[in-house]
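S.K.: Before we start, here is the structure in question, set down as structure tokens.
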Protein chains: 2
Amino acid sequence: MISDGIPGTTAPDEKAARQTSTTRQPATARRAASARDGAPRADLPAQDGAPPRGRPRSEEADRAILRAAAELLEERGLAAMSIEEVAARAGVSKATIYRRWSSKGLLALDAFVIEFRSLQPLPDTGTLRGDLLAALSAWTWAVTRTPMGRMLAGLIAEAQHDAELHMAWRDRVLEPLRTQYRVMLDRAIERGEIAAPVDKEVVLDLFFGAAQHRLLLGHLPMTGEFISEVVDVILHGITRAR
Amino acid sequence: MISDGIPGTTAPDEKAARQTSTTRQPATARRAASARDGAPRADLPAQDGAPPRGRPRSEEADRAILRAAAELLEERGLAAMSIEEVAARAGVSKATIYRRWSSKGLLALDAFVIEFRSLQPLPDTGTLRGDLLAALSAWTWAVTRTPMGRMLAGLIAEAQHDAELHMAWRDRVLEPLRTQYRVMLDRAIERGEIAAPVDKEVVLDLFFGAAQHRLLLGHLPMTGEFISEVVDVILHGITRAR
DNA sequence: TGGTATACGAAACGATCCGTAACGTATCTG
DNA sequence: CAGATACGTTACGGATCGTTTCGTATACCA
């Protein structure tokens with residue numbers, strides 16, 4: 001069992017909608033049939049209770065694939081990244097990749113999540129302002145000083161037309177992050193810094209959205225001044241309550 | 001020049017050399033290179049002062065291509081849209097498309113901008129709150145009730161790794177929109193509704209970013225309540241000034 | 001030790017799409 | 001009329017797709 005980011009949860013089925021060509025895909029149809037009668041192919045083989053029988057999957061290959069995917073995602077973006085290239089750079093065959101991930105998007109998501117999670121702490125500075133500044137600074141650092149910023153856009157775009165990836169993104173990236181931020185808001189309410197009836201979801205959208213907007217569009221730099229201005233406007237906006 | 005060469009004699013080794021030089025770069029890199037070294041081939045042929053000589057471009061073909069591109073963008077997204085499909089649906093040959101647009105992204109941008117511009121009015125209701133509500137409502141309507149919302153993500157993603165498209169997006173979509181919103185803020189300053197030292201760019205990022213965030217991630221619906229909450233928090237945040 | 005099960009790399013497959021070119025036809029200007 | 005340009009059709013070589021087959025490698029179990 002590989003620790004964290006390996007495709008443990010996602011069920012590979014019904015990815016026909018993701019296919020690029022509409023009209024007819026005998027290949028996909030065949031694959032759907034084989035997925036129906038057989039075991040899921042792009043999942044971990046070990047179901048709890050039944051110890052794995054044959055040769056175990058190479059964790060070395062897992063790491064090499066994810067590392068290669070992360071590199072290529074940064075260099076070219078998701079759309080221009082080919083599985084063929086990932087395989088070549090990882091020193092692995094294509095089939096080895098397809099055994100683990102059913103789509104390019106899910107592979108990219110894993111490559112992204114592994115690093116991203118460790119870079120988003122839950123600050124507890126004692127004041128809401130301190131917490132927000134720390135959280136937004138950490139997020140900004142991750143997306144501007146590491147390859148992750150450039151991965152973001154491609155994943156978000158791909159998720160627009162890939163329901164499976166969309167759900168995975170929400171479950172493994174967006175909601176964990178929002179849950180962290182909600183805790184910060186709840187603590188501020190307990191401390192009496194802000195009034196309870198504040199709409200936390202809107203606050204999160206403002207907080208996170210402003211930064212993501214500037215990141216994706218790139219019209220202005222993400223400076224420390226920008227971060228503190230964002231926090232200040234939001235704080236003034238909600239400490240007045242309503 | 002056209003007639004003097006026997007077809008078979010035209011330097012097959014030159015072609016081979018050209019092919020090996022580009023061995024197997026991803027499509028995007030090849031396209032970028034060809035666009036860089038060559039003259040702009042995919043623009044309107046009529047430069048002012050010289051009336052067009054030959055057969056004019058078919059405006060019918062223009063419309064059909066843009067319409068087909070818009071449809072496919074909505075259905076599959078930019079990454080999964082192929083020029084081949086656009087040509088088939090528009091009843092036009094691939095060459096006809098390549099004569100007009102040098103990249104898939106720029107074609108998509110045109111298909112997007114044509115409709116989008118007409119749907120973003122400059123409201124003047126007399127109050128900043130009224131202006132912001134009207135503007136955000138119009139934007140929200142455009143991206144949720146028309147195909148344009150789903151085009152947005154793909155274009156933004158493609159622009160991350162396509163400098164030409166990135167600049168075009170800023171010049172033709174982002175900056176015109178921000179200029180409109182800045183006017184609304186300036187009028188509010190004149191009326192004394194908000195203090196002058198407010199950072200207008202940050203306000204625009206909050207305003208536009210929150211909505212775009214919720215649109216792209218789709219974690220919560222873009223209701224009228226959401227719109228008014230966003231406007232209220234921002235307004236409270238900046239009317240206190242600082 | 002052998003049997004079974006699975007993963008592995010390598011190679012090949014039929015497709016689709018790319019971007020370009022050649023060719024003959026259509027429609028403009030002068 | 002001639003010249004210029006866009007048009008549609010067709011074809012090309014190459015890249016990548018996702019899958020399949022095959023022989024080999026590596027685990028567990030009896």
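Going by the structure tokens order, chains are called A, B, ..., each with residues numbered from 1, while ligands are numbered from 1 in the order shown.
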Near chain A, which residues of chain C fall within 9 Å when you count only C-alpha atoms (C1' of nucleotides), and what do they look like as a list in words?

M.R.: DT4, DA5, DT6, DA7, DC8, DG9, DA10, DA15 and DT16 of chain C

S.K.: Could you pull the residues within 12 Å of A:Ala70, counting only C-alpha atoms (C1' of nucleotides), minus those fewer than 2 positions along the same chain, as a PyMOL selection string?

M.R.: chain A and resi 63-68+72-78+81+85-86+89-90+104-105+107-116+146-152

S.K.: Using only C-alpha atoms (C1' of nucleotides), I'd like a table of the residues in chain D that come within 12 Å of chain B; for each, show the closest atom pair and its distance in Å rounded to one decimal, ordered by chain and ascending number, as a tab-separated table.

M.R.:
residue	atom	partner	partner_atom	distance
D:DG3	C1'	B:Gly54	CA	8.5
D:DA4	C1'	B:Gly54	CA	4.6
D:DT5	C1'	B:Gly54	CA	3.9
D:DA6	C1'	B:Arg55	CA	5.4
D:DC7	C1'	B:Thr96	CA	7.6
D:DG8	C1'	B:Ser93	CA	6.3
D:DT9	C1'	B:Ser93	CA	8.1
D:DT10	C1'	B:Ser93	CA	10.6
D:DG13	C1'	B:Gln19	CA	9.0
D:DG14	C1'	B:Arg24	CA	8.4
D:DA15	C1'	B:Arg24	CA	7.3
D:DT16	C1'	B:Pro26	CA	9.6

S.K.: Could you please select, counting only C-alpha atoms, the residues of chain B within 6 Å of chain A and state them as a list in words?

M.R.: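 Per the criterion, chain B yields Ala80, Ala153, Gly154, Ala157, Asp205, Leu206, Gly209, Ala210, His213, Val233, Ile234, His236 and Gly237 of chain B.
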
S.K.: Excluding A:Pro176 and its own-chain neighbours fewer than 2 positions away, which residues fall within 12 Å of it when counting only C-alpha atoms (C1' of nucleotides)? Please give them as a PyMOL selection string.

M.R.: chain A and resi 113+116-118+120-122+168-174+178-183
